[in-house]
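What follows is a single structure, written as structure tokens, with notes after it.
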Amino acid sequence: MDFSLFYFANDSGTTEDDRYRLLLEGARFADEHGFHAVWTPERHFHQFGGTYPNPSVTGAAVAAVTSRVKIRAGSVVAPLHHPVRIAEEWSVVDNISRGRVGVSFASGWHATDFALNPSTYGDRRTEMYERVEQVRALWRGEAIKVTDGLGNPAEVRSFPPPVQAELPVWITSVGDIETFRSAGRIGAGLLTHLLGQTPEQLAEKIAAYREAAAEASPDGWPGHVVVMVHTFLGDDNEAVRELVRPSLSAYMRSSLNLILASDTGSGSDGPGSLDPDEIDFLVERSFEHYFDNIGLLGSVDKAREAVRRLTELGVDEVACLVDFGLPTDEVLSGLTHLQHLRDACGTSDAADAAG
């Protein structure tokens with residue numbers, strides 16, 4: 001099992017002069033202590049996550065202060081951008097990092113985000129897969145067809161040329177099994193999480209993904225599965241429980257639609273149909289379940305059991321979401337415990353880039 005750091009992020013506890021301290025100091029820690037990768041997302045128009053509007057920019061910053069750890073987008077919302085722009089930006093980061101980048105592509109879901117490119121919203125999934133193949137072609141030095149400013153057809157290549165011959169690619173899915181299968185069919189890795197799907201459901205979807213990946217690959221490549229998991233470790237389970245409860249509960253409240261999708265007993269159509277007491281109950285129940293059974297939360301010994309369960313599900317890499325609202329100094333101090341977990345579980349250095 002490989003261990004990576006994943007940033008999402010909650011900006012509520014930072015100030016203007018230390019907004020990216022956790023990212024950069026955490027990346028240095030990951031680089032120095034043998035973690036596999038650092039992931040940063042693409043988020044727009046909201047304080048929660050809005051610290052990261054462009055993962056190629058944050059990836060370049062990480063590349064400049066590290067020498068070994070891989071640098072990944074989790075994710076590029078492909079329909080919002082021209083494929084040439086994606087290829088150009090990530091090739092720059094690949095050069096700065098000397099060949100350490102990888103990109104997970106997402107189709108996007110929030111309509112407001114598509115203010116950046118409104119015409120692609122209706123067919124965003126198809127647009128995503130088309131852009132993935134265009135970016136891959138550009139990365140290999142091939143030309144793609146475009147329309148120039150005069151409306152004439154043209155062909156362009158992107159520059160600078162990257163260091164890696166092939167771009168490592170993942171597809172991001174919140175749990176749709178057809179997205180899992182499609183990722184396998186195109187020879188991409190898979191990035192997902194456990195909010196909105198049970199471990200048993202995830203295991204079934206991973207099996208479907210593996211089957212599709214093996215069938216599509218000439219050499220039977222089984223794919224590469226990364227699962228994002230909220231992470232904070234300390235000496236005492238109950239002390240950690242109370243420390244993370246406010247921040248993780250707030251995170252879950254913001255993701256209530258996903259929680260409801262996995263809650264088979266609620267019979268609810270969405271958060272709008274619930275009164276405040278019902279929402280509080282659901283969030284509390286979800287927090288306790290996540291803390292006790294899914295998250296890397298609590299002591300190292302407790303987290304080892306969670307890693308064991310993830311391994312049984314078929315997960316190759318756990319992306320430790322560390323910035324869900326805790327103070328920066330608390331998160332940084334907890335990284336030492338995460339290193340102990342990583343050392344206790346061992347790593348799989350053979351898990352190379354997807355694609």
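Convention: chains lettered A, B, ... in structure tokens order; per-chain residue numbering from 1; ligands numbered from 1 as shown.
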
Q.
Can you pull out the residues contacting segment 57-65 of chain A? Cut-off 6 Å, using only C-alpha atoms, and skip same-chain residues under 3 positions away; I want them as a PyMOL selection string.
A. chain A and resi 54+93+97

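The environment of Ser67 of chain A within 10 Å, counting only C-alpha atoms and disregarding residues fewer than 6 places along the same chain, consists of Arg28, Asp31, Glu32, Ile96, Ser97, Arg98 and Arg100 of chain A.
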
Write a file of the just-selected residues containing all heavy atoms, as a PDB file, in the first residue's frame.
ATOM      1  N   ARG A  28       7.122  18.973   1.779  1.00  0.00           N
ATOM      2  CA  ARG A  28       8.519  18.714   2.153  1.00  0.00           C
ATOM      3  C   ARG A  28       8.615  17.482   3.055  1.00  0.00           C
ATOM      4  O   ARG A  28       9.514  16.652   2.907  1.00  0.00           O
ATOM      5  CB  ARG A  28       9.117  19.938   2.852  1.00  0.00           C
ATOM      6  CG  ARG A  28       9.317  21.151   1.949  1.00  0.00           C
ATOM      7  CD  ARG A  28      10.088  22.229   2.684  1.00  0.00           C
ATOM      8  NE  ARG A  28      10.155  23.475   1.921  1.00  0.00           N
ATOM      9  CZ  ARG A  28       9.354  24.523   2.128  1.00  0.00           C
ATOM     10  NH1 ARG A  28       8.438  24.476   3.090  1.00  0.00           N
ATOM     11  NH2 ARG A  28       9.464  25.607   1.389  1.00  0.00           N
ATOM     12  N   ASP A  31       8.156  14.397   1.005  1.00  0.00           N
ATOM     13  CA  ASP A  31       9.328  14.167   0.171  1.00  0.00           C
ATOM     14  C   ASP A  31      10.469  13.561   0.979  1.00  0.00           C
ATOM     15  O   ASP A  31      11.154  12.644   0.527  1.00  0.00           O
ATOM     16  CB  ASP A  31       9.765  15.493  -0.445  1.00  0.00           C
ATOM     17  CG  ASP A  31      10.732  15.329  -1.601  1.00  0.00           C
ATOM     18  OD1 ASP A  31      10.352  14.681  -2.592  1.00  0.00           O
ATOM     19  OD2 ASP A  31      11.862  15.844  -1.505  1.00  0.00           O
ATOM     20  N   GLU A  32      10.651  14.050   2.186  1.00  0.00           N
ATOM     21  CA  GLU A  32      11.769  13.618   3.014  1.00  0.00           C
ATOM     22  C   GLU A  32      11.533  12.265   3.666  1.00  0.00           C
ATOM     23  O   GLU A  32      12.496  11.584   4.038  1.00  0.00           O
ATOM     24  CB  GLU A  32      12.040  14.667   4.096  1.00  0.00           C
ATOM     25  CG  GLU A  32      12.557  15.986   3.544  1.00  0.00           C
ATOM     26  CD  GLU A  32      12.526  17.100   4.578  1.00  0.00           C
ATOM     27  OE1 GLU A  32      12.154  16.819   5.750  1.00  0.00           O
ATOM     28  OE2 GLU A  32      12.861  18.247   4.225  1.00  0.00           O
ATOM     29  N   ILE A  96       9.748  20.975 -14.436  1.00  0.00           N
ATOM     30  CA  ILE A  96      10.252  21.487 -13.153  1.00  0.00           C
ATOM     31  C   ILE A  96      10.554  20.338 -12.196  1.00  0.00           C
ATOM     32  O   ILE A  96      11.552  20.346 -11.473  1.00  0.00           O
ATOM     33  CB  ILE A  96       9.241  22.463 -12.523  1.00  0.00           C
ATOM     34  CG1 ILE A  96       9.097  23.714 -13.391  1.00  0.00           C
ATOM     35  CG2 ILE A  96       9.655  22.852 -11.107  1.00  0.00           C
ATOM     36  CD1 ILE A  96       7.976  24.649 -12.936  1.00  0.00           C
ATOM     37  N   SER A  97       9.697  19.325 -12.214  1.00  0.00           N
ATOM     38  CA  SER A  97       9.837  18.197 -11.292  1.00  0.00           C
ATOM     39  C   SER A  97      10.718  17.082 -11.833  1.00  0.00           C
ATOM     40  O   SER A  97      10.943  16.085 -11.144  1.00  0.00           O
ATOM     41  CB  SER A  97       8.455  17.629 -10.958  1.00  0.00           C
ATOM     42  OG  SER A  97       7.880  17.022 -12.110  1.00  0.00           O
ATOM     43  N   ARG A  98      11.147  17.212 -13.074  1.00  0.00           N
ATOM     44  CA  ARG A  98      11.967  16.197 -13.740  1.00  0.00           C
ATOM     45  C   ARG A  98      11.232  14.861 -13.853  1.00  0.00           C
ATOM     46  O   ARG A  98      11.774  13.801 -13.565  1.00  0.00           O
ATOM     47  CB  ARG A  98      13.316  16.036 -13.026  1.00  0.00           C
ATOM     48  CG  ARG A  98      14.144  17.305 -13.041  1.00  0.00           C
ATOM     49  CD  ARG A  98      15.521  17.120 -12.455  1.00  0.00           C
ATOM     50  NE  ARG A  98      16.271  18.375 -12.506  1.00  0.00           N
ATOM     51  CZ  ARG A  98      17.542  18.520 -12.096  1.00  0.00           C
ATOM     52  NH1 ARG A  98      18.183  17.455 -11.609  1.00  0.00           N
ATOM     53  NH2 ARG A  98      18.146  19.685 -12.162  1.00  0.00           N
ATOM     54  N   ARG A 100       7.795  13.956 -12.635  1.00  0.00           N
ATOM     55  CA  ARG A 100       7.088  13.380 -11.484  1.00  0.00           C
ATOM     56  C   ARG A 100       5.582  13.615 -11.497  1.00  0.00           C
ATOM     57  O   ARG A 100       4.912  13.319 -10.516  1.00  0.00           O
ATOM     58  CB  ARG A 100       7.673  13.956 -10.181  1.00  0.00           C
ATOM     59  CG  ARG A 100       9.081  13.479  -9.880  1.00  0.00           C
ATOM     60  CD  ARG A 100       9.568  13.983  -8.527  1.00  0.00           C
ATOM     61  NE  ARG A 100      10.051  15.348  -8.565  1.00  0.00           N
ATOM     62  CZ  ARG A 100       9.811  16.268  -7.634  1.00  0.00           C
ATOM     63  NH1 ARG A 100       9.032  15.978  -6.598  1.00  0.00           N
ATOM     64  NH2 ARG A 100      10.323  17.486  -7.736  1.00  0.00           N
TER      65      ARG A 100
END

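Nearest-residue note for Glu284 of chain A: choosing from A:Leu248, A:Leu138, A:Ala208, A:Leu116, the minimum distance belongs to A:Leu248, counting only C-alpha atoms.
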
Of A:His110, A:Leu22, A:Leu150, A:Ala183, the one sitting nearest Met128 of chain A when using only C-alpha atoms is A:Ala183

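The closest residue to Arg309 of chain A, picked from A:Ala188, A:Ala37, A:Ile294, A:Pro118 and counting only C-alpha atoms, is A:Ile294.
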
Surrounding residues of Gly184 of chain A excluding itself and chain neighbours under 5 positions, 6 Å, only C-alpha atoms, as an mmCIF file with N, CA, C and O atoms, in the first residue's frame:
data_model
loop_
_atom_site.group_PDB
_atom_site.id
_atom_site.type_symbol
_atom_site.label_atom_id
_atom_site.label_comp_id
_atom_site.auth_asym_id
_atom_site.auth_seq_id
_atom_site.Cartn_x
_atom_site.Cartn_y
_atom_site.Cartn_z
ATOM 1 N N TYR A 209 -13.786 -2.494 -12.311
ATOM 2 C CA TYR A 209 -12.722 -1.679 -12.901
ATOM 3 C C TYR A 209 -11.533 -2.545 -13.294
ATOM 4 O O TYR A 209 -10.989 -2.425 -14.397
ATOM 5 N N ALA A 212 -12.239 -4.539 -16.437
ATOM 6 C CA ALA A 212 -12.207 -3.713 -17.650
ATOM 7 C C ALA A 212 -10.778 -3.324 -18.015
ATOM 8 O O ALA A 212 -10.397 -3.330 -19.191
ATOM 9 N N ALA A 213 -9.955 -3.000 -17.013
ATOM 10 C CA ALA A 213 -8.573 -2.607 -17.273
ATOM 11 C C ALA A 213 -7.774 -3.760 -17.856
ATOM 12 O O ALA A 213 -7.017 -3.585 -18.820
#

Can you pull out every residue within 8 Å of Tyr7 of chain A, counting only C-alpha atoms, but drop anything in the same chain fewer than 2 positions away, and send it as a PyMOL selection string? chain A and resi 5+9+23+38-41+321-323

For segment 172-178 of chain A, list every protein, DNA or RNA residue within 7 Å, evaluated using only C-alpha atoms, and leave out those in the same chain fewer than 4 positions away; present the list as a PyMOL selection string.
chain A and resi 75+104-106+182+190-193+197+205

Selection above as a file: all heavy atoms, as a PDB file, in the first residue's frame:
ATOM      1  N   SER A  75      -8.568  16.911  -8.813  1.00  0.00           N
ATOM      2  CA  SER A  75      -8.430  16.523 -10.211  1.00  0.00           C
ATOM      3  C   SER A  75      -8.403  17.776 -11.097  1.00  0.00           C
ATOM      4  O   SER A  75      -8.723  18.865 -10.638  1.00  0.00           O
ATOM      5  CB  SER A  75      -9.633  15.679 -10.652  1.00  0.00           C
ATOM      6  OG  SER A  75      -9.907  14.654  -9.714  1.00  0.00           O
ATOM      7  N   SER A 104      -5.283  13.273 -12.531  1.00  0.00           N
ATOM      8  CA  SER A 104      -6.595  12.642 -12.520  1.00  0.00           C
ATOM      9  C   SER A 104      -7.587  13.632 -13.132  1.00  0.00           C
ATOM     10  O   SER A 104      -7.610  14.809 -12.762  1.00  0.00           O
ATOM     11  CB  SER A 104      -7.017  12.281 -11.098  1.00  0.00           C
ATOM     12  OG  SER A 104      -8.186  11.478 -11.121  1.00  0.00           O
ATOM     13  N   PHE A 105      -8.378  13.152 -14.066  1.00  0.00           N
ATOM     14  CA  PHE A 105      -9.346  13.992 -14.764  1.00  0.00           C
ATOM     15  C   PHE A 105     -10.740  13.762 -14.197  1.00  0.00           C
ATOM     16  O   PHE A 105     -11.120  12.631 -13.879  1.00  0.00           O
ATOM     17  CB  PHE A 105      -9.351  13.671 -16.260  1.00  0.00           C
ATOM     18  CG  PHE A 105      -8.112  14.090 -16.986  1.00  0.00           C
ATOM     19  CD1 PHE A 105      -7.014  13.250 -17.071  1.00  0.00           C
ATOM     20  CD2 PHE A 105      -8.034  15.338 -17.589  1.00  0.00           C
ATOM     21  CE1 PHE A 105      -5.865  13.630 -17.747  1.00  0.00           C
ATOM     22  CE2 PHE A 105      -6.889  15.735 -18.272  1.00  0.00           C
ATOM     23  CZ  PHE A 105      -5.800  14.883 -18.351  1.00  0.00           C
ATOM     24  N   ALA A 106     -11.507  14.854 -14.088  1.00  0.00           N
ATOM     25  CA  ALA A 106     -12.889  14.777 -13.622  1.00  0.00           C
ATOM     26  C   ALA A 106     -13.791  15.480 -14.619  1.00  0.00           C
ATOM     27  O   ALA A 106     -13.356  16.394 -15.332  1.00  0.00           O
ATOM     28  CB  ALA A 106     -13.037  15.416 -12.246  1.00  0.00           C
ATOM     29  N   SER A 182     -15.274   2.629 -17.356  1.00  0.00           N
ATOM     30  CA  SER A 182     -14.717   3.457 -18.438  1.00  0.00           C
ATOM     31  C   SER A 182     -13.258   3.790 -18.175  1.00  0.00           C
ATOM     32  O   SER A 182     -12.440   3.797 -19.108  1.00  0.00           O
ATOM     33  CB  SER A 182     -15.535   4.740 -18.581  1.00  0.00           C
ATOM     34  OG  SER A 182     -16.859   4.461 -18.979  1.00  0.00           O
ATOM     35  N   LEU A 190      -7.742   5.001 -11.206  1.00  0.00           N
ATOM     36  CA  LEU A 190      -9.020   5.422 -10.653  1.00  0.00           C
ATOM     37  C   LEU A 190      -8.793   6.122  -9.324  1.00  0.00           C
ATOM     38  O   LEU A 190      -8.077   5.608  -8.460  1.00  0.00           O
ATOM     39  CB  LEU A 190      -9.929   4.205 -10.445  1.00  0.00           C
ATOM     40  CG  LEU A 190     -11.343   4.529  -9.982  1.00  0.00           C
ATOM     41  CD1 LEU A 190     -12.193   5.009 -11.150  1.00  0.00           C
ATOM     42  CD2 LEU A 190     -11.983   3.306  -9.335  1.00  0.00           C
ATOM     43  N   LEU A 191      -9.405   7.293  -9.165  1.00  0.00           N
ATOM     44  CA  LEU A 191      -9.364   8.044  -7.908  1.00  0.00           C
ATOM     45  C   LEU A 191     -10.783   8.161  -7.376  1.00  0.00           C
ATOM     46  O   LEU A 191     -11.676   8.658  -8.071  1.00  0.00           O
ATOM     47  CB  LEU A 191      -8.772   9.442  -8.135  1.00  0.00           C
ATOM     48  CG  LEU A 191      -8.817  10.413  -6.946  1.00  0.00           C
ATOM     49  CD1 LEU A 191      -7.984   9.889  -5.771  1.00  0.00           C
ATOM     50  CD2 LEU A 191      -8.338  11.798  -7.379  1.00  0.00           C
ATOM     51  N   THR A 192     -11.026   7.704  -6.142  1.00  0.00           N
ATOM     52  CA  THR A 192     -12.363   7.747  -5.572  1.00  0.00           C
ATOM     53  C   THR A 192     -12.267   7.946  -4.068  1.00  0.00           C
ATOM     54  O   THR A 192     -11.186   8.195  -3.519  1.00  0.00           O
ATOM     55  CB  THR A 192     -13.146   6.466  -5.932  1.00  0.00           C
ATOM     56  OG1 THR A 192     -14.509   6.602  -5.540  1.00  0.00           O
ATOM     57  CG2 THR A 192     -12.538   5.235  -5.273  1.00  0.00           C
ATOM     58  N   HIS A 193     -13.410   7.834  -3.373  1.00  0.00           N
ATOM     59  CA  HIS A 193     -13.443   7.988  -1.922  1.00  0.00           C
ATOM     60  C   HIS A 193     -14.599   7.172  -1.363  1.00  0.00           C
ATOM     61  O   HIS A 193     -15.330   6.515  -2.107  1.00  0.00           O
ATOM     62  CB  HIS A 193     -13.580   9.457  -1.526  1.00  0.00           C
ATOM     63  CG  HIS A 193     -14.729  10.169  -2.156  1.00  0.00           C
ATOM     64  ND1 HIS A 193     -16.040   9.871  -1.863  1.00  0.00           N
ATOM     65  CD2 HIS A 193     -14.777  11.166  -3.077  1.00  0.00           C
ATOM     66  CE1 HIS A 193     -16.847  10.662  -2.554  1.00  0.00           C
ATOM     67  NE2 HIS A 193     -16.101  11.452  -3.309  1.00  0.00           N
ATOM     68  N   GLN A 197     -20.464   5.789  -0.748  1.00  0.00           N
ATOM     69  CA  GLN A 197     -20.484   4.376  -1.116  1.00  0.00           C
ATOM     70  C   GLN A 197     -19.921   3.560   0.051  1.00  0.00           C
ATOM     71  O   GLN A 197     -18.996   3.996   0.739  1.00  0.00           O
ATOM     72  CB  GLN A 197     -19.681   4.125  -2.397  1.00  0.00           C
ATOM     73  CG  GLN A 197     -18.269   4.662  -2.393  1.00  0.00           C
ATOM     74  CD  GLN A 197     -17.624   4.566  -3.758  1.00  0.00           C
ATOM     75  OE1 GLN A 197     -17.981   3.756  -4.597  1.00  0.00           O
ATOM     76  NE2 GLN A 197     -16.636   5.414  -3.997  1.00  0.00           N
ATOM     77  N   LYS A 205     -17.173  -2.400  -7.235  1.00  0.00           N
ATOM     78  CA  LYS A 205     -16.821  -1.486  -8.326  1.00  0.00           C
ATOM     79  C   LYS A 205     -15.347  -1.618  -8.714  1.00  0.00           C
ATOM     80  O   LYS A 205     -14.994  -1.543  -9.897  1.00  0.00           O
ATOM     81  CB  LYS A 205     -17.145  -0.054  -7.919  1.00  0.00           C
ATOM     82  CG  LYS A 205     -18.636   0.188  -7.713  1.00  0.00           C
ATOM     83  CD  LYS A 205     -18.886   1.540  -7.071  1.00  0.00           C
ATOM     84  CE  LYS A 205     -20.349   1.716  -6.706  1.00  0.00           C
ATOM     85  NZ  LYS A 205     -20.608   2.985  -5.991  1.00  0.00           N
TER      86      LYS A 205
END

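Proximity to segment 214-222 of chain A at 8 Å, evaluated using only C-alpha atoms and with sequence-adjacent residues fewer than 6 positions away removed, yields Gly184, Arg185, Ile186 and Gly187 of chain A.
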
How would you write, as a PyMOL selection string, the set of residues in segment 45-123 of chain A that DSSP gives as alpha helix (DSSP H)? chain A and resi 55-65+83-97

Would you save the residues of that selection, restricted to C-alpha atoms, as an mmCIF file, in the first residue's frame?
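This is the output file result-v5.cif:
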data_model
loop_
_atom_site.group_PDB
_atom_site.id
_atom_site.type_symbol
_atom_site.label_atom_id
_atom_site.label_comp_id
_atom_site.auth_asym_id
_atom_site.auth_seq_id
_atom_site.Cartn_x
_atom_site.Cartn_y
_atom_site.Cartn_z
ATOM 1 C CA PRO A 55 -3.588 22.212 -9.455
ATOM 2 C CA SER A 56 -0.869 22.896 -12.018
ATOM 3 C CA VAL A 57 0.062 26.090 -10.137
ATOM 4 C CA THR A 58 0.158 24.377 -6.749
ATOM 5 C CA GLY A 59 1.868 21.403 -8.377
ATOM 6 C CA ALA A 60 4.614 23.695 -9.685
ATOM 7 C CA ALA A 61 5.093 25.077 -6.173
ATOM 8 C CA VAL A 62 5.381 21.554 -4.772
ATOM 9 C CA ALA A 63 7.801 20.609 -7.554
ATOM 10 C CA ALA A 64 10.062 23.518 -6.664
ATOM 11 C CA VAL A 65 10.463 22.472 -3.005
ATOM 12 C CA PRO A 83 -6.724 20.324 -23.925
ATOM 13 C CA VAL A 84 -3.712 22.260 -25.208
ATOM 14 C CA ARG A 85 -3.738 24.390 -22.083
ATOM 15 C CA ILE A 86 -3.867 21.300 -19.862
ATOM 16 C CA ALA A 87 -0.970 19.692 -21.722
ATOM 17 C CA GLU A 88 1.115 22.890 -21.679
ATOM 18 C CA GLU A 89 0.699 23.568 -17.975
ATOM 19 C CA TRP A 90 1.384 20.030 -16.836
ATOM 20 C CA SER A 91 4.352 19.670 -19.161
ATOM 21 C CA VAL A 92 5.882 22.697 -17.447
ATOM 22 C CA VAL A 93 5.369 21.024 -14.076
ATOM 23 C CA ASP A 94 6.781 17.778 -15.453
ATOM 24 C CA ASN A 95 9.910 19.654 -16.466
ATOM 25 C CA ILE A 96 10.252 21.487 -13.153
ATOM 26 C CA SER A 97 9.837 18.197 -11.292
#

Shell of 6 Å around Phe35 of chain A, only C-alpha atoms, local chain residues under 2 positions omitted, as a PyMOL selection string
chain A and resi 3-4+30+33

So that I have them on file, write out the residues from the current selection with C-alpha atoms, as a compact mmCIF listing (two decimals), in the first residue's frame.
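Listed below is the output, part.txt:
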# COMPACT_ATOMS: atom_id res chain seq x y z
CA PHE A 3 0.60 6.51 1.17
CA SER A 4 0.11 10.00 -0.30
CA ALA A 30 6.25 13.78 2.34
CA HIS A 33 9.95 10.66 4.56

From atom CA of Ser249 of chain A to atom CA of Val315 of chain A the spacing works out at 25.1 Å

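When only C-alpha atoms are used to measure the gap to Phe6 of chain A, the shortest distance among A:Val229, A:Val146, A:Val283, A:Val240 belongs to A:Val229.
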
What separates atom CA of Ile144 of chain A and atom CA of Ser158 of chain A is a distance of 9.2 Å

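Of the residues under consideration (A:Thr311, A:Asn237, A:Asn117, A:Thr51), A:Thr51 shows the shortest atom-to-atom contact distance to Arg19 of chain A when counting only C-alpha atoms.
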
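Atom CA of Asp2 of chain A is found 25.8 Å from atom CA of Ser107 of chain A.
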
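The residue that comes closest to Val225 of chain A, out of A:Thr147, A:Gly314, A:Pro199, A:Glu211 and on the basis of only C-alpha atoms, is A:Gly314.
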